$ cat protein01.cif   # mmCIF, C-alpha atoms
data_upload
loop_
_atom_site.group_PDB
_atom_site.id
_atom_site.type_symbol
_atom_site.label_atom_id
_atom_site.label_comp_id
_atom_site.auth_asym_id
_atom_site.auth_seq_id
_atom_site.Cartn_x
_atom_site.Cartn_y
_atom_site.Cartn_z
ATOM 1 C CA MET B 1 11.484 13.651 -1.897
ATOM 2 C CA MET B 2 11.451 12.995 1.802
ATOM 3 C CA ILE B 3 8.467 12.970 4.143
ATOM 4 C CA SER B 4 8.194 16.517 5.427
ATOM 5 C CA LEU B 5 7.224 15.785 9.028
ATOM 6 C CA GLN B 6 9.835 16.655 11.633
ATOM 7 C CA PRO B 7 10.246 14.534 14.775
ATOM 8 C CA LEU B 8 9.159 15.857 18.149
ATOM 9 C CA THR B 9 12.153 15.370 20.432
ATOM 10 C CA ASN B 10 10.493 16.798 23.557
ATOM 11 C CA PRO B 11 6.757 16.068 23.334
ATOM 12 C CA LYS B 12 4.212 17.478 25.763
ATOM 13 C CA PRO B 13 2.022 14.959 27.593
ATOM 14 C CA SER B 14 -1.114 16.961 26.746
ATOM 15 C CA THR B 15 -0.702 16.210 23.030
ATOM 16 C CA LEU B 16 -0.862 12.436 23.446
ATOM 17 C CA ASN B 17 -3.876 10.461 22.292
ATOM 18 C CA PRO B 18 -4.322 7.016 23.922
ATOM 19 C CA HIS B 19 -6.555 5.818 21.061
ATOM 20 C CA ASN B 20 -4.008 6.230 18.268
ATOM 21 C CA PRO B 21 -2.287 3.138 16.863
ATOM 22 C CA PHE B 22 1.475 3.589 17.118
ATOM 23 C CA TYR B 23 3.850 2.749 14.302
ATOM 24 C CA PHE B 24 7.444 2.033 15.177
ATOM 25 C CA PRO B 25 9.944 2.047 12.283
ATOM 26 C CA SER B 26 12.533 -0.703 12.031
ATOM 27 C CA HIS B 27 15.204 2.010 11.737
ATOM 28 C CA ARG B 28 14.860 4.162 14.819
ATOM 29 C CA PRO B 29 15.589 7.900 14.323
ATOM 30 C CA LYS B 30 18.728 9.012 16.111
ATOM 31 C CA THR B 31 16.861 11.909 17.705
ATOM 32 C CA LEU B 32 14.502 9.560 19.510
ATOM 33 C CA LYS B 33 15.482 9.350 23.180
ATOM 34 C CA THR B 34 12.357 7.784 24.674
ATOM 35 C CA PRO B 35 12.106 3.950 24.777
ATOM 36 C CA LEU B 36 10.171 2.603 21.804
ATOM 37 C CA LEU B 37 7.690 0.633 23.909
ATOM 38 C CA LYS B 38 6.574 3.550 26.045
ATOM 39 C CA PRO B 39 2.745 3.719 25.955
ATOM 40 C CA PHE B 40 1.079 6.815 24.463
ATOM 41 C CA PHE B 41 4.200 7.994 22.629
ATOM 42 C CA PRO B 42 3.203 10.646 20.051
ATOM 43 C CA ILE B 43 2.923 9.240 16.558
ATOM 44 C CA GLN B 44 4.663 12.237 14.967
ATOM 45 C CA SER B 45 7.954 11.349 16.609
ATOM 46 C CA VAL B 46 8.429 8.067 14.775
ATOM 47 C CA LEU B 47 7.342 8.942 11.246
ATOM 48 C CA GLN B 48 10.389 10.830 9.981
ATOM 49 C CA TYR B 49 13.365 9.092 8.423
ATOM 50 C CA ASN B 50 16.527 11.124 8.002
ATOM 51 C CA ARG B 51 17.603 9.372 4.808
ATOM 52 C CA LYS B 52 16.235 8.216 1.482
ATOM 53 C CA PRO B 53 15.301 4.508 1.447
ATOM 54 C CA GLN B 54 17.721 2.238 -0.361
ATOM 55 C CA LEU B 55 16.108 0.333 -3.231
ATOM 56 C CA ALA B 56 16.571 -3.412 -2.710
ATOM 57 C CA GLY B 57 16.346 -6.104 -5.366
ATOM 58 C CA GLU B 58 16.587 -5.982 -9.133
ATOM 59 C CA THR B 59 14.595 -3.371 -11.012
ATOM 60 C CA PRO B 60 11.971 -3.139 -12.173
ATOM 61 C CA ARG B 61 10.265 -4.731 -9.196
ATOM 62 C CA VAL B 62 6.944 -6.171 -10.376
ATOM 63 C CA VAL B 63 4.544 -6.233 -7.425
ATOM 64 C CA VAL B 64 0.945 -7.475 -7.576
ATOM 65 C CA ILE B 65 -1.447 -6.073 -4.954
ATOM 66 C CA THR B 66 -4.171 -8.626 -4.270
ATOM 67 C CA SER B 67 -6.533 -9.967 -1.621
ATOM 68 C CA GLY B 68 -9.042 -12.468 -2.980
ATOM 69 C CA LYS B 69 -11.936 -10.756 -1.226
ATOM 70 C CA GLY B 70 -13.339 -7.607 -2.770
ATOM 71 C CA GLY B 71 -13.704 -4.306 -0.949
ATOM 72 C CA VAL B 72 -10.735 -4.625 1.421
ATOM 73 C CA GLY B 73 -8.737 -1.754 -0.100
ATOM 74 C CA LYS B 74 -6.544 -3.130 -2.910
ATOM 75 C CA THR B 75 -7.072 -0.173 -5.242
ATOM 76 C CA THR B 76 -6.697 2.346 -2.406
ATOM 77 C CA THR B 77 -3.447 0.652 -1.412
ATOM 78 C CA THR B 78 -2.159 0.687 -5.005
ATOM 79 C CA ALA B 79 -2.895 4.401 -5.417
ATOM 80 C CA ASN B 80 -1.418 5.509 -2.101
ATOM 81 C CA VAL B 81 1.625 3.230 -2.056
ATOM 82 C CA GLY B 82 2.335 4.071 -5.693
ATOM 83 C CA LEU B 83 2.269 7.821 -5.125
ATOM 84 C CA SER B 84 4.297 7.418 -1.927
ATOM 85 C CA LEU B 85 6.982 5.629 -3.944
ATOM 86 C CA ALA B 86 6.905 8.454 -6.499
ATOM 87 C CA ARG B 87 7.303 11.028 -3.731
ATOM 88 C CA LEU B 88 10.346 9.122 -2.504
ATOM 89 C CA GLY B 89 11.898 9.639 -5.934
ATOM 90 C CA PHE B 90 11.234 6.286 -7.617
ATOM 91 C CA SER B 91 9.619 5.858 -11.025
ATOM 92 C CA VAL B 92 6.357 3.924 -10.838
ATOM 93 C CA VAL B 93 3.931 2.447 -13.373
ATOM 94 C CA ALA B 94 0.601 1.341 -11.891
ATOM 95 C CA ILE B 95 -1.343 -1.153 -14.023
ATOM 96 C CA ASP B 96 -5.083 -1.458 -13.416
ATOM 97 C CA ALA B 97 -5.656 -5.123 -14.223
ATOM 98 C CA ASP B 98 -9.300 -5.059 -13.134
ATOM 99 C CA VAL B 99 -10.956 -5.183 -16.543
ATOM 100 C CA GLY B 100 -14.665 -5.130 -15.716
ATOM 101 C CA LEU B 101 -14.597 -2.826 -12.681
ATOM 102 C CA ARG B 102 -11.803 -0.352 -13.355
ATOM 103 C CA ASN B 103 -11.417 2.142 -10.488
ATOM 104 C CA LEU B 104 -7.740 3.037 -10.090
ATOM 105 C CA ASP B 105 -8.079 5.968 -12.489
ATOM 106 C CA LEU B 106 -10.917 7.375 -10.360
ATOM 107 C CA LEU B 107 -8.913 7.204 -7.133
ATOM 108 C CA LEU B 108 -6.026 8.998 -8.833
ATOM 109 C CA GLY B 109 -8.238 11.631 -10.458
ATOM 110 C CA LEU B 110 -7.069 10.581 -13.942
ATOM 111 C CA GLU B 111 -10.318 9.192 -15.359
ATOM 112 C CA ASN B 112 -10.680 11.959 -17.968
ATOM 113 C CA ARG B 113 -7.166 11.440 -19.324
ATOM 114 C CA VAL B 114 -7.351 7.731 -20.183
ATOM 115 C CA ASN B 115 -7.703 7.777 -23.972
ATOM 116 C CA TYR B 116 -5.867 4.572 -24.863
ATOM 117 C CA THR B 117 -5.476 1.263 -23.055
ATOM 118 C CA VAL B 118 -3.465 -1.928 -23.416
ATOM 119 C CA VAL B 119 -6.102 -3.323 -25.782
ATOM 120 C CA GLU B 120 -5.435 -0.487 -28.253
ATOM 121 C CA VAL B 121 -1.699 -1.098 -27.903
ATOM 122 C CA LEU B 122 -2.094 -4.805 -28.702
ATOM 123 C CA ASN B 123 -4.357 -3.983 -31.656
ATOM 124 C CA GLY B 124 -1.745 -1.617 -33.062
ATOM 125 C CA ASP B 125 -3.953 1.467 -32.706
ATOM 126 C CA CYS B 126 -1.442 3.341 -30.530
ATOM 127 C CA ARG B 127 1.998 3.104 -28.987
ATOM 128 C CA LEU B 128 2.616 2.016 -25.409
ATOM 129 C CA ASP B 129 3.811 5.484 -24.395
ATOM 130 C CA GLN B 130 0.494 6.919 -25.636
ATOM 131 C CA ALA B 131 -1.443 4.579 -23.344
ATOM 132 C CA LEU B 132 0.603 5.607 -20.300
ATOM 133 C CA VAL B 133 -1.051 8.453 -18.374
ATOM 134 C CA ARG B 134 1.465 10.592 -16.522
ATOM 135 C CA ASP B 135 0.342 12.156 -13.244
ATOM 136 C CA LYS B 136 0.713 15.948 -13.372
ATOM 137 C CA ARG B 137 1.445 16.126 -9.651
ATOM 138 C CA TRP B 138 4.319 13.610 -9.802
ATOM 139 C CA SER B 139 5.742 13.097 -13.270
ATOM 140 C CA ASN B 140 7.507 9.859 -12.251
ATOM 141 C CA PHE B 141 4.134 8.177 -11.644
ATOM 142 C CA GLU B 142 2.238 6.714 -14.625
ATOM 143 C CA LEU B 143 -1.040 4.826 -14.957
ATOM 144 C CA LEU B 144 -1.764 2.085 -17.494
ATOM 145 C CA CYS B 145 -5.249 0.584 -17.867
ATOM 146 C CA ILE B 146 -5.918 -2.802 -19.469
ATOM 147 C CA SER B 147 -9.200 -1.832 -21.143
ATOM 148 C CA LYS B 148 -12.027 0.663 -21.054
ATOM 149 C CA PRO B 149 -15.166 0.005 -18.978
ATOM 150 C CA ARG B 150 -17.882 -1.977 -20.768
ATOM 151 C CA SER B 151 -15.463 -3.085 -23.477
ATOM 152 C CA LYS B 152 -14.700 -6.702 -24.278
ATOM 153 C CA LEU B 153 -11.193 -8.082 -24.027
ATOM 154 C CA PRO B 154 -9.767 -10.083 -26.928
ATOM 155 C CA LEU B 155 -10.218 -13.803 -26.382
ATOM 156 C CA GLY B 156 -6.467 -14.336 -26.411
ATOM 157 C CA PHE B 157 -5.746 -11.816 -23.665
ATOM 158 C CA GLY B 158 -4.235 -13.454 -20.596
ATOM 159 C CA GLY B 159 -1.089 -13.796 -18.571
ATOM 160 C CA LYS B 160 1.180 -13.918 -21.627
ATOM 161 C CA ALA B 161 -0.205 -10.621 -22.901
ATOM 162 C CA LEU B 162 0.433 -8.959 -19.551
ATOM 163 C CA ILE B 163 3.966 -10.387 -19.507
ATOM 164 C CA TRP B 164 4.473 -8.748 -22.913
ATOM 165 C CA VAL B 165 3.317 -5.413 -21.469
ATOM 166 C CA VAL B 166 5.745 -5.702 -18.540
ATOM 167 C CA GLU B 167 8.613 -6.610 -20.865
ATOM 168 C CA ALA B 168 7.749 -3.632 -23.095
ATOM 169 C CA LEU B 169 7.917 -1.348 -20.048
ATOM 170 C CA LYS B 170 11.348 -2.750 -19.233
ATOM 171 C CA ASP B 171 12.622 -2.081 -22.760
ATOM 172 C CA ARG B 172 11.260 1.423 -23.352
ATOM 173 C CA GLN B 173 13.702 4.116 -24.445
ATOM 174 C CA GLU B 174 13.585 6.260 -21.309
ATOM 175 C CA GLY B 175 14.496 3.242 -19.218
ATOM 176 C CA PRO B 176 12.476 0.813 -17.102
ATOM 177 C CA PRO B 177 10.515 2.036 -14.081
ATOM 178 C CA ASP B 178 11.715 1.159 -10.599
ATOM 179 C CA PHE B 179 8.331 -0.324 -9.674
ATOM 180 C CA ILE B 180 5.489 -1.869 -11.659
ATOM 181 C CA LEU B 181 2.435 -2.166 -9.400
ATOM 182 C CA ILE B 182 -0.404 -4.389 -10.631
ATOM 183 C CA ASP B 183 -3.834 -3.752 -9.122
ATOM 184 C CA CYS B 184 -5.379 -7.219 -9.078
ATOM 185 C CA PRO B 185 -9.130 -7.807 -9.489
ATOM 186 C CA ALA B 186 -11.113 -9.514 -6.743
ATOM 187 C CA GLY B 187 -11.656 -13.251 -6.802
ATOM 188 C CA ILE B 188 -9.428 -16.087 -7.967
ATOM 189 C CA ASP B 189 -10.674 -16.542 -11.496
ATOM 190 C CA ALA B 190 -8.998 -15.810 -14.849
ATOM 191 C CA GLY B 191 -8.481 -12.098 -14.026
ATOM 192 C CA PHE B 192 -6.560 -13.005 -10.893
ATOM 193 C CA ILE B 193 -4.383 -15.525 -12.755
ATOM 194 C CA THR B 194 -3.634 -12.950 -15.455
ATOM 195 C CA ALA B 195 -2.659 -10.266 -12.912
ATOM 196 C CA ILE B 196 -0.257 -12.430 -10.899
ATOM 197 C CA THR B 197 1.492 -14.042 -13.901
ATOM 198 C CA PRO B 198 4.231 -11.403 -14.476
ATOM 199 C CA ALA B 199 4.765 -10.602 -10.779
ATOM 200 C CA ASN B 200 7.661 -11.723 -8.598
ATOM 201 C CA GLU B 201 6.397 -10.052 -5.406
ATOM 202 C CA ALA B 202 2.955 -9.762 -3.845
ATOM 203 C CA VAL B 203 1.306 -7.478 -1.318
ATOM 204 C CA LEU B 204 -1.715 -9.151 0.243
ATOM 205 C CA VAL B 205 -4.317 -6.700 1.575
ATOM 206 C CA THR B 206 -6.639 -7.989 4.270
ATOM 207 C CA THR B 207 -8.851 -6.719 7.078
ATOM 208 C CA PRO B 208 -9.105 -8.189 10.594
ATOM 209 C CA ASP B 209 -12.297 -10.161 9.948
ATOM 210 C CA ILE B 210 -12.667 -13.872 9.460
ATOM 211 C CA THR B 211 -14.009 -13.740 5.884
ATOM 212 C CA SER B 212 -11.072 -11.675 4.653
ATOM 213 C CA LEU B 213 -8.610 -13.924 6.446
ATOM 214 C CA ARG B 214 -10.014 -17.112 4.915
ATOM 215 C CA ASP B 215 -9.799 -15.592 1.424
ATOM 216 C CA ALA B 216 -6.308 -14.246 2.147
ATOM 217 C CA ASP B 217 -5.136 -17.687 3.235
ATOM 218 C CA ARG B 218 -6.489 -19.206 0.022
ATOM 219 C CA VAL B 219 -4.814 -16.526 -2.128
ATOM 220 C CA THR B 220 -1.506 -17.027 -0.321
ATOM 221 C CA GLY B 221 -1.520 -20.674 -1.360
ATOM 222 C CA LEU B 222 -2.281 -19.767 -4.984
ATOM 223 C CA LEU B 223 0.522 -17.185 -5.058
ATOM 224 C CA GLU B 224 3.010 -19.725 -3.723
ATOM 225 C CA CYS B 225 1.856 -22.283 -6.288
ATOM 226 C CA ASP B 226 2.550 -19.688 -9.001
ATOM 227 C CA GLY B 227 6.123 -19.317 -7.733
ATOM 228 C CA ILE B 228 5.711 -16.021 -5.852
ATOM 229 C CA ARG B 229 7.535 -16.473 -2.550
ATOM 230 C CA ASP B 230 8.014 -12.839 -1.517
ATOM 231 C CA ILE B 231 4.564 -12.179 -0.032
ATOM 232 C CA LYS B 232 3.898 -9.453 2.520
ATOM 233 C CA MET B 233 0.588 -8.321 3.923
ATOM 234 C CA ILE B 234 -1.060 -5.015 4.753
ATOM 235 C CA VAL B 235 -3.760 -5.117 7.418
ATOM 236 C CA ASN B 236 -6.322 -2.464 6.567
ATOM 237 C CA ARG B 237 -9.133 -0.774 8.526
ATOM 238 C CA VAL B 238 -7.762 -1.513 11.972
ATOM 239 C CA ARG B 239 -9.645 -0.041 14.948
ATOM 240 C CA THR B 240 -7.803 -0.112 18.241
ATOM 241 C CA ASP B 241 -10.976 0.623 20.222
ATOM 242 C CA MET B 242 -12.568 -2.594 18.903
ATOM 243 C CA ILE B 243 -9.368 -4.554 19.518
ATOM 244 C CA LYS B 244 -9.335 -3.248 23.066
ATOM 245 C CA GLY B 245 -12.944 -4.385 23.538
ATOM 246 C CA GLU B 246 -12.083 -7.784 22.002
ATOM 247 C CA ASP B 247 -14.532 -7.150 19.144
ATOM 248 C CA MET B 248 -11.801 -7.276 16.482
ATOM 249 C CA MET B 249 -8.768 -9.466 16.012
ATOM 250 C CA SER B 250 -5.465 -7.760 16.697
ATOM 251 C CA VAL B 251 -2.804 -7.450 14.034
ATOM 252 C CA LEU B 252 -0.715 -9.906 16.022
ATOM 253 C CA ASP B 253 -3.558 -12.447 15.733
ATOM 254 C CA VAL B 254 -3.791 -11.853 11.980
ATOM 255 C CA GLN B 255 -0.056 -12.291 11.554
ATOM 256 C CA GLU B 256 -0.077 -15.534 13.516
ATOM 257 C CA MET B 257 -3.009 -16.899 11.490
ATOM 258 C CA LEU B 258 -1.587 -16.094 8.036
ATOM 259 C CA GLY B 259 2.105 -16.489 8.816
ATOM 260 C CA LEU B 260 3.113 -13.619 6.499
ATOM 261 C CA ALA B 261 5.587 -10.785 6.929
ATOM 262 C CA LEU B 262 3.819 -7.561 7.874
ATOM 263 C CA LEU B 263 4.325 -4.634 5.498
ATOM 264 C CA GLY B 264 1.976 -2.138 7.110
ATOM 265 C CA VAL B 265 -0.997 -1.500 9.374
ATOM 266 C CA ILE B 266 -3.605 1.000 8.160
ATOM 267 C CA PRO B 267 -6.019 2.415 10.767
ATOM 268 C CA GLU B 268 -9.678 3.047 9.996
ATOM 269 C CA ASP B 269 -9.899 6.596 8.647
ATOM 270 C CA SER B 270 -12.970 8.462 7.410
ATOM 271 C CA GLU B 271 -10.693 10.622 5.280
ATOM 272 C CA VAL B 272 -10.266 7.646 2.915
ATOM 273 C CA ILE B 273 -13.832 8.124 1.596
ATOM 274 C CA ARG B 274 -13.299 11.862 1.096
ATOM 275 C CA SER B 275 -10.031 11.351 -0.767
ATOM 276 C CA THR B 276 -11.621 8.676 -2.960
ATOM 277 C CA ASN B 277 -14.521 10.923 -3.943
ATOM 278 C CA ARG B 278 -12.150 13.792 -4.735
ATOM 279 C CA GLY B 279 -9.737 11.660 -6.765
ATOM 280 C CA TYR B 280 -6.984 12.891 -4.481
ATOM 281 C CA PRO B 281 -4.948 10.087 -2.821
ATOM 282 C CA LEU B 282 -4.683 10.136 0.934
ATOM 283 C CA VAL B 283 -0.883 10.481 1.038
ATOM 284 C CA LEU B 284 -1.112 13.915 -0.618
ATOM 285 C CA ASN B 285 -3.266 15.397 2.158
ATOM 286 C CA LYS B 286 -1.849 18.281 4.163
ATOM 287 C CA PRO B 287 -1.724 17.870 7.071
ATOM 288 C CA PRO B 288 -1.342 14.091 6.676
ATOM 289 C CA THR B 289 -3.774 11.686 8.304
ATOM 290 C CA LEU B 290 -2.908 8.556 10.277
ATOM 291 C CA ALA B 291 -3.853 6.310 7.367
ATOM 292 C CA GLY B 292 -1.806 8.390 4.924
ATOM 293 C CA LEU B 293 1.251 8.214 7.149
ATOM 294 C CA ALA B 294 0.796 4.455 7.485
ATOM 295 C CA PHE B 295 0.709 4.060 3.692
ATOM 296 C CA GLU B 296 3.927 6.093 3.430
ATOM 297 C CA GLN B 297 5.628 3.808 5.930
ATOM 298 C CA ALA B 298 4.423 0.731 4.039
ATOM 299 C CA ALA B 299 5.926 2.177 0.847
ATOM 300 C CA TRP B 300 9.216 2.774 2.667
ATOM 301 C CA ARG B 301 9.350 -0.851 3.796
ATOM 302 C CA LEU B 302 8.449 -2.049 0.308
ATOM 303 C CA VAL B 303 11.441 -0.176 -1.138
ATOM 304 C CA GLU B 304 13.871 -1.808 1.281
ATOM 305 C CA GLN B 305 12.092 -5.193 1.329
ATOM 306 C CA ASP B 306 11.663 -4.666 5.039
ATOM 307 C CA SER B 307 8.831 -5.673 7.352
ATOM 308 C CA MET B 308 7.377 -4.740 10.723
ATOM 309 C CA GLN B 309 6.162 -6.693 13.716
ATOM 310 C CA ALA B 310 2.973 -6.497 15.709
ATOM 311 C CA VAL B 311 3.767 -6.136 19.397
ATOM 312 C CA MET B 312 1.756 -6.069 22.593
ATOM 313 C CA VAL B 313 2.162 -3.074 24.888
ATOM 314 C CA GLU B 314 0.706 -3.009 28.377
ATOM 315 C CA GLU B 315 -1.818 -0.302 29.148
ATOM 316 C CA GLU B 316 -1.703 1.963 32.195
ATOM 317 C CA PRO B 317 -2.241 0.009 35.459
ATOM 318 C CA LYS B 318 -5.517 1.782 36.270
ATOM 319 C CA LYS B 319 -7.085 0.404 33.095
ATOM 320 C CA ARG B 320 -7.898 -3.247 32.509
ATOM 321 C CA GLY B 321 -6.328 -5.771 30.198
ATOM 322 C CA TRP B 322 -3.975 -5.777 27.274
ATOM 323 C CA PHE B 323 -4.477 -4.537 23.749
ATOM 324 C CA SER B 324 -2.526 -4.384 20.543
ATOM 325 C CA PHE B 325 -0.237 -1.717 19.288
ATOM 326 C CA PHE B 326 1.745 -2.070 16.125
ATOM 327 C CA GLY B 327 5.458 -1.703 15.464
ATOM 328 C CA GLY B 328 8.336 -2.510 13.170
#
$ encode --input "protein01.cif" --output "structure tokens"
Amino acid sequence: MMISLQPLTNPKPSTLNPHNPFYFPSHRPKTLKTPLLKPFFPIQSVLQYNRKPQLAGETPRVVVITSGKGGVGKTTTTANVGLSLARLGFSVVAIDADVGLRNLDLLLGLENRVNYTVVEVLNGDCRLDQALVRDKRWSNFELLCISKPRSKLPLGFGGKALIWVVEALKDRQEGPPDFILIDCPAGIDAGFITAITPANEAVLVTTPDITSLRDADRVTGLLECDGIRDIKMIVNRVRTDMIKGEDMMSVLDVQEMLGLALLGVIPEDSEVIRSTNRGYPLVLNKPPTLAGLAFEQAAWRLVEQDSMQAVMVEEEPKKRGWFSFFGG
């Protein structure tokens, strides 16, 4: 399914908002006549692709979503990117590898339907297909939890057990999924090592603050030591007003500090809290929000193994200084 927004080919100046972050796709729509670097270009005009993204790489693509630091938006990213991939027509299995603090089921609104987990599968109490929870809204999206809250994992559970789960998903009768997304727990302890073991790609979620960046840099080194070379980052909770006032690092600064390909830029959005409390992912909102549209674009780039670039665009002459906009 394609994103339903239609491009505005002849926008009115009155509809433009100078405080919106602008996202420029790497594949420019043919209907777009205005130069891409024009300031205050309406965001709706650059969010529609006129084709389905082409899946790159061998399937299933096993992607771990991690950060090191807690609270930066890993689980929110997993839920929204996963459902965006499902809406684009790809089959997705999201694995919640956070054993002690499981939250992915809450964000998806599936907490009451998780009856079996991977632990029951390994113990022989159920089949793998019984532990998979299919989303009623998008049947090609499934959730798999490692264990139930407040339950103890078997002592032998680790990276090899998760590799077995991934291999079982590849060999199931209905065919392997296109994407296996692993929601990684915070920190760099045993849970982190377990989550990254079966992955061959990583999405690093960070925010533009110095603590997140230091943890992200540390995690990048650990991922590379584990043999994961395809690492892209999502910069979350970006506020252009603070960047303009030099109170927050720009995405360009973050990219230069970490040296990673940029998968997406997610603006600060109060709707994220509402969607979390409702168990209704942001990308399903109608009308869509800026953050939801940004997650959809990140999912598009993930499919094609594409990236975007942070660029600097000059403000109107009557206003002072430079500030960051974001593009791809």
$ resolve_selection --input "protein01.cif" --expression "the PyMOL selection byres ((chain B and resi 275) around 12)" --output "short mmCIF file (atom, residue, chain, number, x, y, z; two decimals) with C-alpha atoms, in the frame of the given file"
data_model
loop_
_atom_site.label_atom_id
_atom_site.label_comp_id
_atom_site.auth_asym_id
_atom_site.auth_seq_id
_atom_site.Cartn_x
_atom_site.Cartn_y
_atom_site.Cartn_z
CA THR B 76 -6.70 2.35 -2.41
CA ALA B 79 -2.90 4.40 -5.42
CA ASN B 80 -1.42 5.51 -2.10
CA LEU B 106 -10.92 7.38 -10.36
CA LEU B 107 -8.91 7.20 -7.13
CA LEU B 108 -6.03 9.00 -8.83
CA GLY B 109 -8.24 11.63 -10.46
CA ASP B 269 -9.90 6.60 8.65
CA SER B 270 -12.97 8.46 7.41
CA GLU B 271 -10.69 10.62 5.28
CA VAL B 272 -10.27 7.65 2.92
CA ILE B 273 -13.83 8.12 1.60
CA ARG B 274 -13.30 11.86 1.10
CA THR B 276 -11.62 8.68 -2.96
CA ASN B 277 -14.52 10.92 -3.94
CA ARG B 278 -12.15 13.79 -4.74
CA GLY B 279 -9.74 11.66 -6.76
CA TYR B 280 -6.98 12.89 -4.48
CA PRO B 281 -4.95 10.09 -2.82
CA LEU B 282 -4.68 10.14 0.93
CA VAL B 283 -0.88 10.48 1.04
CA LEU B 284 -1.11 13.92 -0.62
CA ASN B 285 -3.27 15.40 2.16
CA LYS B 286 -1.85 18.28 4.16
CA PRO B 288 -1.34 14.09 6.68
CA THR B 289 -3.77 11.69 8.30
CA ALA B 291 -3.85 6.31 7.37
CA GLY B 292 -1.81 8.39 4.92
#
$ closest_residue --input "protein01.cif" --among "B:Leu144, B:Leu262, B:Val235, B:Val62" --to "Asn103 in chain B" --atoms "all atoms listed in the file"
B:Leu144
$ residues_around --input "protein01.cif" --residues "Leu55 in chain B" --least-positions-apart "3" --cutoff "12 Å" --atoms "only C-alpha atoms" --output "short mmCIF file (atom, residue, chain, number, x, y, z; two decimals) with C-alpha atoms, keeping the file's coordinate frame"
data_model
loop_
_atom_site.label_atom_id
_atom_site.label_comp_id
_atom_site.auth_asym_id
_atom_site.auth_seq_id
_atom_site.Cartn_x
_atom_site.Cartn_y
_atom_site.Cartn_z
CA LYS B 52 16.24 8.22 1.48
CA GLU B 58 16.59 -5.98 -9.13
CA THR B 59 14.60 -3.37 -11.01
CA PRO B 60 11.97 -3.14 -12.17
CA ARG B 61 10.26 -4.73 -9.20
CA LEU B 85 6.98 5.63 -3.94
CA LEU B 88 10.35 9.12 -2.50
CA GLY B 89 11.90 9.64 -5.93
CA PHE B 90 11.23 6.29 -7.62
CA SER B 91 9.62 5.86 -11.02
CA ASP B 178 11.72 1.16 -10.60
CA PHE B 179 8.33 -0.32 -9.67
CA ALA B 299 5.93 2.18 0.85
CA TRP B 300 9.22 2.77 2.67
CA ARG B 301 9.35 -0.85 3.80
CA LEU B 302 8.45 -2.05 0.31
CA VAL B 303 11.44 -0.18 -1.14
CA GLU B 304 13.87 -1.81 1.28
CA GLN B 305 12.09 -5.19 1.33
CA ASP B 306 11.66 -4.67 5.04
#
$ closest_residue --input "protein01.cif" --among "B:Val165, B:Ala186, B:Leu104, B:Val93" --to "Phe141 in chain B" --atoms "all atoms listed in the file"
B:Val93
$ atom_distance --input "protein01.cif" --atom1 "CA of Leu263 in chain B" --atom2 "CA of Glu296 in chain B"
10.9 Å
$ closest_residue --input "protein01.cif" --among "B:Trp164, B:Leu169, B:Lys69, B:Leu181" --to "Val92 in chain B" --atoms "all atoms listed in the file"
B:Leu181
$ closest_residue --input "protein01.cif" --among "B:Glu268, B:Asp189, B:Glu167, B:Asp217" --to "Asp241 in chain B" --atoms "only C-alpha atoms"
B:Glu268
$ axis_aligned_box --input "protein01.cif" --around "range 135-152 of chain B" --padding-each-side "4 Å" --output "JSON"
{"center_x": -5.2, "center_y": 4.7, "center_z": -17.0, "size_x": 33.4, "size_y": 30.8, "size_z": 22.6}
$ resolve_selection --input "protein01.cif" --expression "the PyMOL selection byres ((chain B and resi 222) around 12)" --output "list in words"
Thr66, Ser67, Gly68, Gly187, Ile188, Asp189, Phe192, Ile193, Ile196, Thr197, Ala202, Leu204, Asp215, Ala216, Asp217, Arg218, Val219, Thr220, Gly221, Leu223, Glu224, Cys225, Asp226, Gly227, Ile228, Arg229 and Ile231 of chain B
$ closest_residue --input "protein01.cif" --among "B:Val254, B:Ile146, B:Val81, B:Met308" --to "Gly100 in chain B" --atoms "all atoms listed in the file"
B:Ile146
$ atom_distance --input "protein01.cif" --atom1 "CA of Arg137 in chain B" --atom2 "CA of Gly57 in chain B"
27.1 Å
$ resolve_selection --input "protein01.cif" --expression "the PyMOL selection byres ((chain B and resi 120) around 12)" --output "list in words"
Val114, Asn115, Tyr116, Thr117, Val118, Val119, Val121, Leu122, Asn123, Gly124, Asp125, Cys126, Arg127, Leu128, Asp129, Gln130, Ala131, Leu132, Leu144, Cys145, Ile146, Ser147, Lys148, Ser151, Lys152, Leu153 and Pro154 of chain B
$ write_last_selection --input "protein01.cif" --atoms "C-alpha atoms" --output "CSV table (one decimal), in the coordinates of the input"
chain,number,residue,atom,x,y,z
B,114,VAL,CA,-7.4,7.7,-20.2
B,115,ASN,CA,-7.7,7.8,-24.0
B,116,TYR,CA,-5.9,4.6,-24.9
B,117,THR,CA,-5.5,1.3,-23.1
B,118,VAL,CA,-3.5,-1.9,-23.4
B,119,VAL,CA,-6.1,-3.3,-25.8
B,121,VAL,CA,-1.7,-1.1,-27.9
B,122,LEU,CA,-2.1,-4.8,-28.7
B,123,ASN,CA,-4.4,-4.0,-31.7
B,124,GLY,CA,-1.7,-1.6,-33.1
B,125,ASP,CA,-4.0,1.5,-32.7
B,126,CYS,CA,-1.4,3.3,-30.5
B,127,ARG,CA,2.0,3.1,-29.0
B,128,LEU,CA,2.6,2.0,-25.4
B,129,ASP,CA,3.8,5.5,-24.4
B,130,GLN,CA,0.5,6.9,-25.6
B,131,ALA,CA,-1.4,4.6,-23.3
B,132,LEU,CA,0.6,5.6,-20.3
B,144,LEU,CA,-1.8,2.1,-17.5
B,145,CYS,CA,-5.2,0.6,-17.9
B,146,ILE,CA,-5.9,-2.8,-19.5
B,147,SER,CA,-9.2,-1.8,-21.1
B,148,LYS,CA,-12.0,0.7,-21.1
B,151,SER,CA,-15.5,-3.1,-23.5
B,152,LYS,CA,-14.7,-6.7,-24.3
B,153,LEU,CA,-11.2,-8.1,-24.0
B,154,PRO,CA,-9.8,-10.1,-26.9
